[in-house]
Amino acid sequence: MADRSPPVLLEACVVLGASRDKLCEVSQAINTNGSPDRLLLEPEVLHVLAPPFVGRSPADGAAVRSRGRRRRSFLRRKREQPPSAVATSPQACGSEDLSVPKDIDLMALPQLCFPGGLRVTNEQKDEQFHFLVFTDVFGNKTHGVVMQCYRPILEGMTVLKSLKFPRLFSAYSFCVISKYPYFTALKDCLSCLSITLRSCLLSDMEARVKEFATKLALVPIPPPGQLHLMFTLCPLTIVLPAREDKDHPTIDLDLHLPFFCFRPEQLLQGLSCLLQERRVVLFSADWARLTLVAESLLLFLQPLSWQQPYVPVLARSMLDFVMAPTAFLMGCHLSHFKEVATETDDLVLINIDNGSVSTSCSETLDLPEIPAAAADCFTQRCRTLQIHFDLHQCPHASCTGVSEQRAKRRAWQHDLNLDIQRITLELMVNVFRDVSSHLNYEHRVFNSEEFLKSRQPSEQLFYKQVLETHIFHLFLKDRLNKKIDDFARLEHSTRSEMQRMKAVVEVLRRPTVQEIQARRKSSSMGTRVSTRRGISLPDLGDDHTTGFKRNPTLTGIIASDHGGTSKPRSSRNVWKRPSVSPYIFSLPPGVLAPGNPPEPATLFKLPDFPASLSFNSIQSYYRELIRLLGKAIFSVQNENPALLARFYYLRGFISTLCWRRLDALGDFQNLYRTDTAIFPTQLVTRLVDSLHREERQQADRQPELKRFILKVRTENEKPSAQPDDRVKKFKLPQKRLHQEEFVRCVQECGIVKDVATIHRLFDALTDDTPISVPGQPKQVVPELFRVFYTLWKATEAEAQDYNLPPEVIDHLDNSECVYKVSLCVKTSLGVGKIAMTQKRLILLTVGPQGFLEITKFRDIQEVKIASASFLLLRIPSLHIKTCGSVKVFEANLKTETELWNLVVREMWAGRNMAHQHKDPQYMTEALTNVLLMDAVTGCLQTPRSISAASKLAYFDQIKHEVPMMVPKMTSETLKHKINPSQDLAEPQTVRALLYTPGQLTSCDSKSEMNPKLWVALAGGKVVVFDAASWSMQQYCIQVGASELNCMMGLVREQVWIGSQDSVIYIIDTQSMSCNKQLTEHRHEVTGLTLDPRDQHNSQRAHSCSCDGTILLWDTASLKVKRQLHLSCDRLCSIQVHDGTLWCRCGDCVVELKKSGTPQRRVSLADDVQSMSSSFSSFIIIPERGQLWTGCADSGELCLWHTDNPRRPRKRIPLPGGSGVTCMMRVKDQIWAGCRGRSGSQGQSGGQLLVMDAESHTVVKELQAHSDSIQTLCSAEDRYVLSGSASRDGKIAIWKVE
């Protein structure tokens, strides 16, 4: 969050109007000339009031002089200077000892506060309000609320009172300026001020306004979250709502106002113009509407952020701003409509008062519109909004007081704003959902051409315009940075079950049978609906099975049981899924975006403002506020960590204002531990730098505070890491490509990510390429790459347009896709086309039957090329022998015979690999190889094209070179394999695994209850899988930049992660964000553990670091309850059994007493010590008094008795293992991950051994991975999961018997 300026409500309060001398002149002129109706005056700045309003303590006199000067009234200065000098020279403020906030432009402010001019009238008028937004060159916004009220111009003028002048009134403007967009709250504040001003004289006005400004300067801004602040400004109680999180803007206005002014169709036109960054001008006869509607429209674009010039209110003298050549959003009075429309071309004119959208060239809008499917969905959802408060109140009791009425209205408005934000977020997701499919994250490339080709022809012009805008460029940066915001959560959570399954492996773009059926259904609906319509998201409590992926032709109808014109599909009062299209979705009413469940807001009431605003009174006010915050902290300390963090933030900030610096640092230290997302880094840095010598000495006597101050200074001295903001568009290469350049280019264009596959593709394309210079590496010429790329994309496009006959679709599974189709050929089953899916070969016959299954890849027994007789010739044909069938399928594929032979053999080998290893990614890799072969043969067109394509037949080659048969025991025990590095170019080491059951999420939460698998990868990355479907749920959560060593799950919705940078990171399992850090360790955190007896309560946890420090934590307060130190070379891990702490220290395992002193010590055996080995893992079985140990360099397990730790009771040799890397106990079995030996090159593989804890024998030898096993975890004793090092990088899921 922005913390450069103090987070208080008031930035400045400015009073504007005509000078007293000018009013005297006007009064005399009107007495002479008559009516004042057309008389306009030049407004001037009369007062500027900005904090601080009171002096500071003598001890801080130097700080006063460094932070600002004493404020003085403009009115007092006007008595010394002519009014013209004040109005025209605001720069003179500094020379007159007047400090004005640097972001306030006093030159333009009078015009903006009187946009229609300052008039003198002969009648009293009611107060009028309007709203301002000031934007600096860096895009930072300042907000203002203006109140105009009329006062008699002869008031206080004793010279003129004796004359008989008519009663005249002049307007004064009171502008409250804030860094924060609290439009409603500031309007309420000014309304309270208006009551005071009505009963005071003009001479007292400055004092009343200063008192008002001083009170607002005492009001802090609530930090992001669910803590709202409330204060009383007689006679109203005013609420400051907090923004949802640091990425959300503060919303304190009525978002439904545009729905009163526009129909949904016109709203969509306005949003379309903003997305295309047009020159947009808003018009209204009411100045207040301009800013409120403009702000609402910009909020509707979230997460896209408007970055162009933005002036929602243009005064009469500022109309030339609309001549600017760049895109902008501005607002004018309706009286200037014709003038602006005729003088300027190419403007979009939005009339708020009559709800019309037109251009300066015509009365209609002839610009690209938002895609029809997303627009229709938005229109349907808008009809469900209940935007009339009176209708909402009909069934409820009448309010008996103003406060009750305002509270009910405020609650209703909050819920309505959430509904509107939900609908507009759905719109943005529907419009930009497919962008992520055309991103390459590693090289930060967006393939805009392919994205445009994937759009419908009627949509392409809209997207072409949007893709060139700055607003979309910033959106792309967030997507490439993998920002986890509401857009990302909603896009991810609304994927269908099929898409979640596809997410397990990298899937090529081919339409499934289910998608073809949806497309066909849309075409059968005729003209009743458009060819691309919206779909409804199912009830989040149900199992979702419908696809959401875009299709070339998509349909569906929104059906709502909660309003609108749609007819309910069921008599049950629940949200029903309508006829769907796999692209557009809509959340049911009352359901928030998943991953961000609503939490009830907590209101914290500030103390009443002091009667006297002296220095001592204000300090007393702060002390009372600190006391109330202390009570609030005590009440939520063990119940609500999020609320606790907000209270720490507020108390720390208020203590800063009271110059209680050490107390403030203590609160900020607790805040840093509790929620780093709202930690005010710059504020705390300035606080540390301002410490006096005595305060530094006091801090040095408090070890935790001393470490915190040191951390703040250290972090401040580090060079700030600049995020990579590059966004590149893919372009075909223009020069020859070496292998490394070829890898980058193929990855950028989205064909394939795997580096090894790209290397084989490079070899295939350069197979017949002559080397220009002997000894130089081969290169791919640009023309060859262009032809290859064109063929690849053309094949994708053909697959999207391919229409299978209905009789064929009826025989295929919903998830099947057609990847390759031959020419019409003669086969042993008849004449037709051979089609290949990921599961089988089928024959699309000519005739009524239409479909014949040739074989499934799993059933193939032999594939070969044989000769068939034709007249006097021998023609090669493809022969496929199937298990269980006597007949051999024969196909005369002519020139395609050799290619189809390669294709079928590769798919057959890939299918066998996937089946034996229970890894679906092998099948996807085989499919990729097949399509690459097809493209290579198509682009080479040489006699050696088949030979070149054969270099891509990876699985067929390794089947012949190395037997890939998986042992029967491994195949029976292995359930599945998943790849946590699927979005990366190369596999990563699995550093740690953690399984959390569904009950980890609290019972009252509406979020998913499915169990999760947490995977720690290299470089501080954490990937989360849904353990019910094994699909990736979250990629990826960045947890620091160092390697992660250990993980632990708590019942209180937390996952703790120990890192090599000495920090324990805490992830919130609902928001999937890491906002808490424990920094008490000084060295690498190596272990985390809970007492098995306390797992369901999780009130206490232990952590250890490599220097021997052991900390006992209170998990509710996140405070250290006890600290121990074990003297050893390196403390590697800890476990708690029966309340006793066991520590693994490299060459020994130590049991500690409750006092922390060693009670028993188990050391390496004498014959092992000479090998400079160490314990890699240990297991305690307390009921048997057993200790199992394993060493990384010893091929045996040692079984010790805890009562006799001097020598092992038994040694168990491990078959084929060269060392134990990890162990765990599951039921009555010991599972040990080993580093074995495999391959002729001596590369270490991974072996998993299962031992019976009673008989001490190995009951299973499992060939787990192609690299050493790094970690093990158990899933409710039903499955064991093993993660391997980077050469394999996969996770195997094993059944426990």
# chains A, B, ... in the order shown; residues from 1 in each chain; ligands from 1
call {"tool": "residues_around", "arguments": {"residues": "A:Asp1061", "least_positions_apart": "6", "cutoff": "9 Å", "atoms": "only C-alpha atoms", "output": "PDB file with N, CA, C and O atoms, in the first residue's frame"}}
result
ATOM      1  N   GLY A1040       9.352 -16.166  -1.018  1.00  0.00           N
ATOM      2  CA  GLY A1040      10.750 -15.787  -0.959  1.00  0.00           C
ATOM      3  C   GLY A1040      11.468 -16.161  -2.243  1.00  0.00           C
ATOM      4  O   GLY A1040      10.852 -16.435  -3.283  1.00  0.00           O
ATOM      5  N   ALA A1041      12.806 -16.167  -2.173  1.00  0.00           N
ATOM      6  CA  ALA A1041      13.609 -16.512  -3.350  1.00  0.00           C
ATOM      7  C   ALA A1041      14.575 -17.645  -3.078  1.00  0.00           C
ATOM      8  O   ALA A1041      15.272 -18.091  -3.991  1.00  0.00           O
ATOM      9  N   SER A1042      14.615 -18.138  -1.828  1.00  0.00           N
ATOM     10  CA  SER A1042      15.551 -19.204  -1.458  1.00  0.00           C
ATOM     11  C   SER A1042      14.863 -20.560  -1.542  1.00  0.00           C
ATOM     12  O   SER A1042      13.651 -20.665  -1.748  1.00  0.00           O
ATOM     13  N   GLU A1043      15.669 -21.610  -1.355  1.00  0.00           N
ATOM     14  CA  GLU A1043      15.126 -22.970  -1.378  1.00  0.00           C
ATOM     15  C   GLU A1043      14.271 -23.214  -0.130  1.00  0.00           C
ATOM     16  O   GLU A1043      14.547 -22.692   0.950  1.00  0.00           O
ATOM     17  N   LEU A1044      13.232 -24.031  -0.308  1.00  0.00           N
ATOM     18  CA  LEU A1044      12.321 -24.363   0.781  1.00  0.00           C
ATOM     19  C   LEU A1044      12.662 -25.749   1.301  1.00  0.00           C
ATOM     20  O   LEU A1044      12.885 -26.679   0.532  1.00  0.00           O
ATOM     21  N   ARG A1082      17.591 -17.209  13.118  1.00  0.00           N
ATOM     22  CA  ARG A1082      18.706 -16.455  12.545  1.00  0.00           C
ATOM     23  C   ARG A1082      19.383 -17.221  11.415  1.00  0.00           C
ATOM     24  O   ARG A1082      20.181 -16.645  10.677  1.00  0.00           O
ATOM     25  N   HIS A1083      19.117 -18.509  11.295  1.00  0.00           N
ATOM     26  CA  HIS A1083      19.765 -19.328  10.273  1.00  0.00           C
ATOM     27  C   HIS A1083      18.704 -20.165   9.554  1.00  0.00           C
ATOM     28  O   HIS A1083      17.519 -20.115   9.883  1.00  0.00           O
ATOM     29  N   GLU A1084      19.140 -20.932   8.596  1.00  0.00           N
ATOM     30  CA  GLU A1084      18.279 -21.748   7.740  1.00  0.00           C
ATOM     31  C   GLU A1084      17.302 -22.594   8.557  1.00  0.00           C
ATOM     32  O   GLU A1084      17.713 -23.335   9.459  1.00  0.00           O
ATOM     33  N   VAL A1085      16.019 -22.483   8.266  1.00  0.00           N
ATOM     34  CA  VAL A1085      14.996 -23.278   8.947  1.00  0.00           C
ATOM     35  C   VAL A1085      14.978 -24.670   8.313  1.00  0.00           C
ATOM     36  O   VAL A1085      14.765 -24.820   7.108  1.00  0.00           O
TER      37      VAL A1085
END
call {"tool": "residues_around", "arguments": {"residues": "stretch 1012-1028 of chain A", "least_positions_apart": "2", "cutoff": "7 Å", "atoms": "only C-alpha atoms", "output": "JSON list (two decimals) with N, CA, C and O atoms, in the first residue's frame"}}
result
[["chain", "number", "residue", "atom", "x", "y", "z"],
["A", 980, "PRO", "N", 4.53, -31.39, -11.35],
["A", 980, "PRO", "CA", 4.36, -30.03, -10.82],
["A", 980, "PRO", "C", 5.08, -28.97, -11.64],
["A", 980, "PRO", "O", 4.85, -27.78, -11.44],
["A", 988, "GLN", "N", 11.70, -29.37, -12.26],
["A", 988, "GLN", "CA", 12.32, -28.82, -11.06],
["A", 988, "GLN", "C", 12.35, -29.88, -9.96],
["A", 988, "GLN", "O", 11.51, -30.78, -9.92],
["A", 989, "THR", "N", 13.29, -29.73, -9.05],
["A", 989, "THR", "CA", 13.37, -30.64, -7.91],
["A", 989, "THR", "C", 12.19, -30.42, -6.97],
["A", 989, "THR", "O", 11.83, -29.28, -6.65],
["A", 990, "VAL", "N", 11.57, -31.51, -6.54],
["A", 990, "VAL", "CA", 10.50, -31.43, -5.55],
["A", 990, "VAL", "C", 11.16, -31.40, -4.18],
["A", 990, "VAL", "O", 11.69, -32.40, -3.71],
["A", 991, "ARG", "N", 11.13, -30.24, -3.53],
["A", 991, "ARG", "CA", 11.85, -30.06, -2.28],
["A", 991, "ARG", "C", 11.07, -30.59, -1.08],
["A", 991, "ARG", "O", 11.66, -31.11, -0.13],
["A", 992, "ALA", "N", 9.76, -30.44, -1.08],
["A", 992, "ALA", "CA", 8.95, -30.90, 0.05],
["A", 992, "ALA", "C", 7.52, -31.09, -0.42],
["A", 992, "ALA", "O", 7.06, -30.46, -1.38],
["A", 993, "LEU", "N", 6.81, -31.99, 0.26],
["A", 993, "LEU", "CA", 5.41, -32.29, -0.04],
["A", 993, "LEU", "C", 4.60, -32.18, 1.25],
["A", 993, "LEU", "O", 5.08, -32.52, 2.34],
["A", 994, "LEU", "N", 3.36, -31.72, 1.10],
["A", 994, "LEU", "CA", 2.45, -31.66, 2.24],
["A", 994, "LEU", "C", 1.04, -31.93, 1.74],
["A", 994, "LEU", "O", 0.56, -31.28, 0.80],
["A", 995, "TYR", "N", 0.38, -32.88, 2.37],
["A", 995, "TYR", "CA", -1.03, -33.18, 2.07],
["A", 995, "TYR", "C", -1.88, -32.59, 3.19],
["A", 995, "TYR", "O", -1.62, -32.81, 4.37],
["A", 996, "THR", "N", -2.89, -31.82, 2.80],
["A", 996, "THR", "CA", -3.81, -31.25, 3.79],
["A", 996, "THR", "C", -5.21, -31.75, 3.47],
["A", 996, "THR", "O", -5.70, -31.58, 2.35],
["A", 997, "PRO", "N", -5.88, -32.37, 4.43],
["A", 997, "PRO", "CA", -7.24, -32.87, 4.18],
["A", 997, "PRO", "C", -8.21, -31.72, 4.00],
["A", 997, "PRO", "O", -7.92, -30.57, 4.34],
["A", 1010, "ASN", "N", -12.13, -29.58, -0.79],
["A", 1010, "ASN", "CA", -11.32, -30.68, -1.29],
["A", 1010, "ASN", "C", -9.95, -30.69, -0.63],
["A", 1010, "ASN", "O", -9.41, -29.62, -0.30],
["A", 1030, "TRP", "N", -6.34, -34.43, -8.66],
["A", 1030, "TRP", "CA", -4.92, -34.29, -8.97],
["A", 1030, "TRP", "C", -4.70, -33.29, -10.10],
["A", 1030, "TRP", "O", -3.78, -33.42, -10.89],
["A", 1031, "SER", "N", -5.57, -32.30, -10.18],
["A", 1031, "SER", "CA", -5.37, -31.22, -11.15],
["A", 1031, "SER", "C", -4.75, -30.04, -10.42],
["A", 1031, "SER", "O", -4.98, -29.83, -9.23],
["A", 1032, "MET", "N", -3.97, -29.27, -11.17],
["A", 1032, "MET", "CA", -3.28, -28.13, -10.55],
["A", 1032, "MET", "C", -4.29, -27.06, -10.18],
["A", 1032, "MET", "O", -5.06, -26.59, -11.01],
["A", 1033, "GLN", "N", -4.30, -26.66, -8.92],
["A", 1033, "GLN", "CA", -5.25, -25.67, -8.44],
["A", 1033, "GLN", "C", -4.64, -24.28, -8.40],
["A", 1033, "GLN", "O", -5.32, -23.29, -8.64],
["A", 1034, "GLN", "N", -3.36, -24.18, -8.10],
["A", 1034, "GLN", "CA", -2.72, -22.88, -7.96],
["A", 1034, "GLN", "C", -1.29, -22.96, -8.46],
["A", 1034, "GLN", "O", -0.50, -23.76, -7.97],
["A", 1035, "TYR", "N", -0.97, -22.13, -9.48],
["A", 1035, "TYR", "CA", 0.41, -22.04, -9.95],
["A", 1035, "TYR", "C", 0.71, -20.58, -10.20],
["A", 1035, "TYR", "O", 0.07, -19.93, -11.02],
["A", 1036, "CYS", "N", 1.76, -20.11, -9.57],
["A", 1036, "CYS", "CA", 2.41, -20.70, -8.41],
["A", 1036, "CYS", "C", 2.48, -19.61, -7.36],
["A", 1036, "CYS", "O", 2.38, -18.44, -7.67],
["A", 1037, "ILE", "N", 2.64, -19.99, -6.10],
["A", 1037, "ILE", "CA", 2.79, -19.03, -5.02],
["A", 1037, "ILE", "C", 4.28, -18.85, -4.77],
["A", 1037, "ILE", "O", 4.98, -19.81, -4.49],
["A", 1038, "GLN", "N", 4.76, -17.62, -4.92],
["A", 1038, "GLN", "CA", 6.18, -17.36, -4.70],
["A", 1038, "GLN", "C", 6.41, -17.07, -3.22],
["A", 1038, "GLN", "O", 5.84, -16.15, -2.65],
["A", 1039, "VAL", "N", 7.27, -17.88, -2.61],
["A", 1039, "VAL", "CA", 7.55, -17.77, -1.18],
["A", 1039, "VAL", "C", 9.03, -17.46, -1.02],
["A", 1039, "VAL", "O", 9.86, -18.36, -0.94],
["A", 1040, "GLY", "N", 9.35, -16.17, -1.02],
["A", 1040, "GLY", "CA", 10.75, -15.79, -0.96],
["A", 1040, "GLY", "C", 11.47, -16.16, -2.24],
["A", 1040, "GLY", "O", 10.85, -16.43, -3.28],
["A", 1041, "ALA", "N", 12.81, -16.17, -2.17],
["A", 1041, "ALA", "CA", 13.61, -16.51, -3.35],
["A", 1041, "ALA", "C", 14.58, -17.64, -3.08],
["A", 1041, "ALA", "O", 15.27, -18.09, -3.99],
["A", 1042, "SER", "N", 14.61, -18.14, -1.83],
["A", 1042, "SER", "CA", 15.55, -19.20, -1.46],
["A", 1042, "SER", "C", 14.86, -20.56, -1.54],
["A", 1042, "SER", "O", 13.65, -20.66, -1.75],
["A", 1043, "GLU", "N", 15.67, -21.61, -1.35],
["A", 1043, "GLU", "CA", 15.13, -22.97, -1.38],
["A", 1043, "GLU", "C", 14.27, -23.21, -0.13],
["A", 1043, "GLU", "O", 14.55, -22.69, 0.95],
["A", 1044, "LEU", "N", 13.23, -24.03, -0.31],
["A", 1044, "LEU", "CA", 12.32, -24.36, 0.78],
["A", 1044, "LEU", "C", 12.66, -25.75, 1.30],
["A", 1044, "LEU", "O", 12.88, -26.68, 0.53]]
call {"tool": "atom_distance", "arguments": {"atom1": "atom CA of A:Val322", "atom2": "atom CA of A:Ser284"}}
result
15.7 Å
call {"tool": "atom_distance", "arguments": {"atom1": "atom CA of A:Phe604", "atom2": "atom CA of A:Met230"}}
result
5.9 Å
call {"tool": "residues_around", "arguments": {"residues": "stretch 1116-1131 of chain A", "least_positions_apart": "6", "cutoff": "8 Å", "atoms": "only C-alpha atoms", "output": "MDAnalysis selection string"}}
result
chainID A and resid 637:639 641 673:674 1078 1086 1099 1104:1110 1143:1146 1156:1157
call {"tool": "atom_distance", "arguments": {"atom1": "atom CA of A:Cys1046", "atom2": "atom CA of A:Gly1058"}}
result
5.2 Å
call {"tool": "select_by_dssp", "arguments": {"residues": "stretch 323-522 of chain A", "states": "alpha helix (DSSP H)", "output": "PyMOL selection string"}}
result
chain A and resi 337-343+372-382+389-393+402-432+448-453+457-466+470-480+486-493+497-502+513-522
call {"tool": "write_last_selection", "arguments": {"atoms": "C-alpha atoms", "output": "compact mmCIF listing (two decimals), in the first residue's frame"}}
result
# COMPACT_ATOMS: atom_id res chain seq x y z
CA PHE A 337 -22.62 19.49 -25.80
CA LYS A 338 -23.18 21.09 -29.21
CA GLU A 339 -20.08 23.22 -28.94
CA VAL A 340 -17.85 20.24 -28.19
CA ALA A 341 -19.53 18.01 -30.78
CA THR A 342 -19.16 20.51 -33.62
CA GLU A 343 -15.67 21.76 -32.85
CA ALA A 372 -21.80 -10.65 -28.29
CA ALA A 373 -21.52 -13.65 -25.98
CA ALA A 374 -19.96 -11.67 -23.14
CA ALA A 375 -22.31 -8.76 -23.76
CA ASP A 376 -25.42 -10.96 -23.66
CA CYS A 377 -24.27 -12.56 -20.44
CA PHE A 378 -23.68 -9.13 -18.90
CA THR A 379 -27.11 -7.90 -20.03
CA GLN A 380 -28.83 -10.92 -18.52
CA ARG A 381 -27.00 -10.52 -15.23
CA CYS A 382 -27.83 -6.81 -15.02
CA PHE A 389 -33.51 0.51 -1.85
CA ASP A 390 -37.18 1.26 -1.21
CA LEU A 391 -38.18 -2.03 -2.81
CA HIS A 392 -35.62 -3.79 -0.66
CA GLN A 393 -37.09 -2.19 2.46
CA VAL A 402 -31.51 8.42 11.29
CA SER A 403 -28.58 6.26 12.39
CA GLU A 404 -30.55 3.04 11.88
CA GLN A 405 -31.75 4.20 8.47
CA ARG A 406 -28.22 5.09 7.38
CA ALA A 407 -26.81 1.79 8.67
CA LYS A 408 -29.38 -0.25 6.73
CA ARG A 409 -28.81 1.82 3.62
CA ARG A 410 -25.07 1.40 3.98
CA ALA A 411 -25.33 -2.41 4.36
CA TRP A 412 -27.64 -2.64 1.35
CA GLN A 413 -25.30 -0.50 -0.74
CA HIS A 414 -22.28 -2.60 0.24
CA ASP A 415 -24.00 -5.81 -0.89
CA LEU A 416 -25.19 -4.18 -4.10
CA ASN A 417 -21.70 -2.90 -4.86
CA LEU A 418 -20.36 -6.44 -4.42
CA ASP A 419 -22.97 -7.77 -6.85
CA ILE A 420 -22.07 -5.14 -9.44
CA GLN A 421 -18.35 -5.78 -9.04
CA ARG A 422 -19.03 -9.48 -9.49
CA ILE A 423 -20.97 -8.90 -12.71
CA THR A 424 -18.38 -6.57 -14.20
CA LEU A 425 -15.56 -8.95 -13.24
CA GLU A 426 -17.44 -11.73 -15.03
CA LEU A 427 -17.61 -9.48 -18.07
CA MET A 428 -13.86 -8.89 -18.07
CA VAL A 429 -13.16 -12.60 -17.60
CA ASN A 430 -15.50 -13.48 -20.44
CA VAL A 431 -13.84 -10.95 -22.73
CA PHE A 432 -10.22 -11.82 -21.90
CA SER A 448 -1.37 -11.58 -30.64
CA GLU A 449 -1.76 -12.85 -34.19
CA GLU A 450 -2.81 -16.31 -33.07
CA PHE A 451 -5.11 -14.82 -30.47
CA LEU A 452 -6.84 -12.72 -33.13
CA LYS A 453 -7.18 -15.73 -35.42
CA PRO A 457 -14.62 -12.62 -37.53
CA SER A 458 -17.19 -10.24 -36.04
CA GLU A 459 -15.05 -9.83 -32.91
CA GLN A 460 -11.63 -9.38 -34.49
CA LEU A 461 -11.88 -5.63 -35.04
CA PHE A 462 -12.73 -5.07 -31.37
CA TYR A 463 -9.82 -7.18 -30.17
CA LYS A 464 -7.45 -5.66 -32.71
CA GLN A 465 -8.20 -2.22 -31.28
CA VAL A 466 -7.95 -3.35 -27.65
CA HIS A 470 -1.91 0.84 -22.96
CA ILE A 471 -4.62 -0.47 -20.65
CA PHE A 472 -4.33 -3.94 -22.21
CA HIS A 473 -0.53 -3.76 -22.14
CA LEU A 474 -0.61 -3.32 -18.35
CA PHE A 475 -3.12 -6.16 -18.09
CA LEU A 476 -0.70 -8.38 -20.03
CA LYS A 477 2.10 -7.48 -17.61
CA ASP A 478 0.00 -8.71 -14.70
CA ARG A 479 -0.87 -11.94 -16.51
CA LEU A 480 2.77 -12.59 -17.46
CA ASP A 486 -9.77 -11.72 -8.62
CA PHE A 487 -9.51 -12.13 -12.38
CA ALA A 488 -7.03 -15.01 -12.07
CA ARG A 489 -9.02 -16.68 -9.30
CA LEU A 490 -12.31 -16.46 -11.16
CA GLU A 491 -10.82 -17.59 -14.45
CA HIS A 492 -9.19 -20.57 -12.77
CA SER A 493 -12.07 -21.57 -10.52
CA GLU A 497 -13.80 -30.59 -14.85
CA MET A 498 -12.45 -31.43 -18.29
CA GLN A 499 -10.29 -28.34 -18.32
CA ARG A 500 -9.02 -29.23 -14.87
CA MET A 501 -8.08 -32.64 -16.18
CA LYS A 502 -6.40 -31.04 -19.16
CA VAL A 513 -16.18 -34.52 -28.75
CA GLN A 514 -18.05 -32.65 -26.03
CA GLU A 515 -17.06 -29.33 -27.57
CA ILE A 516 -18.09 -30.48 -31.03
CA GLN A 517 -21.49 -31.44 -29.65
CA ALA A 518 -21.88 -28.00 -28.05
CA ARG A 519 -20.96 -26.37 -31.34
CA ARG A 520 -23.45 -28.53 -33.22
CA LYS A 521 -26.15 -27.76 -30.70
CA SER A 522 -25.58 -24.05 -31.21
call {"tool": "closest_residue", "arguments": {"among": "A:Glu44, A:Asp21, A:Asp763, A:Asp919", "to": "A:Val780", "atoms": "only C-alpha atoms"}}
result
A:Asp763
call {"tool": "residues_around", "arguments": {"residues": "A:Ala677", "least_positions_apart": "3", "cutoff": "9 Å", "atoms": "only C-alpha atoms", "output": "PyMOL selection string"}}
result
chain A and resi 1+224+245-246+672+680+1074-1076
call {"tool": "residues_around", "arguments": {"residues": "A:Gly832", "least_positions_apart": "2", "cutoff": "6 Å", "atoms": "only C-alpha atoms", "output": "number ranges by chain"}}
result
A: 824-825, 844-846
call {"tool": "residues_around", "arguments": {"residues": "stretch 181-188 of chain A", "least_positions_apart": "3", "cutoff": "6 Å", "atoms": "only C-alpha atoms", "output": "list in words"}}
result
His143, Ser191, Asp252 and Leu253 of chain A
call {"tool": "write_last_selection", "arguments": {"atoms": "N, CA, C and O atoms", "output": "mmCIF file, in the first residue's frame"}}
result
data_model
loop_
_atom_site.group_PDB
_atom_site.id
_atom_site.type_symbol
_atom_site.label_atom_id
_atom_site.label_comp_id
_atom_site.auth_asym_id
_atom_site.auth_seq_id
_atom_site.Cartn_x
_atom_site.Cartn_y
_atom_site.Cartn_z
ATOM 1 N N HIS A 143 -8.275 13.246 -4.480
ATOM 2 C CA HIS A 143 -9.722 13.362 -4.630
ATOM 3 C C HIS A 143 -10.247 14.536 -3.819
ATOM 4 O O HIS A 143 -9.715 14.852 -2.747
ATOM 5 N N SER A 191 -21.606 17.932 4.877
ATOM 6 C CA SER A 191 -23.003 18.174 5.254
ATOM 7 C C SER A 191 -23.099 18.570 6.720
ATOM 8 O O SER A 191 -23.908 19.436 7.099
ATOM 9 N N ASP A 252 -16.194 3.975 -2.157
ATOM 10 C CA ASP A 252 -17.095 4.687 -1.258
ATOM 11 C C ASP A 252 -18.042 5.551 -2.096
ATOM 12 O O ASP A 252 -18.122 6.768 -1.920
ATOM 13 N N LEU A 253 -18.702 4.896 -3.017
ATOM 14 C CA LEU A 253 -19.708 5.559 -3.840
ATOM 15 C C LEU A 253 -20.727 4.524 -4.271
ATOM 16 O O LEU A 253 -20.504 3.318 -4.105
#
call {"tool": "select_by_dssp", "arguments": {"residues": "stretch 1136-1287 of chain A", "states": "strand (DSSP E or B)", "output": "PyMOL selection string"}}
result
chain A and resi 1136-1137+1140-1144+1148-1152+1158-1163+1175-1181+1186-1191+1196-1201+1204+1210-1213+1217-1226+1229-1237+1244-1252+1258-1265+1269-1275+1279-1284
call {"tool": "closest_residue", "arguments": {"among": "A:Trp659, A:Trp1231, A:Phe231, A:Phe53", "to": "A:Ala207", "atoms": "only C-alpha atoms"}}
result
A:Phe53
call {"tool": "closest_residue", "arguments": {"among": "A:Leu1249, A:Leu202, A:Leu314, A:Ala242", "to": "A:Pro223", "atoms": "only C-alpha atoms"}}
result
A:Ala242
call {"tool": "closest_residue", "arguments": {"among": "A:Lys881, A:Lys1153, A:His738, A:His1265", "to": "A:Val966", "atoms": "only C-alpha atoms"}}
result
A:His1265
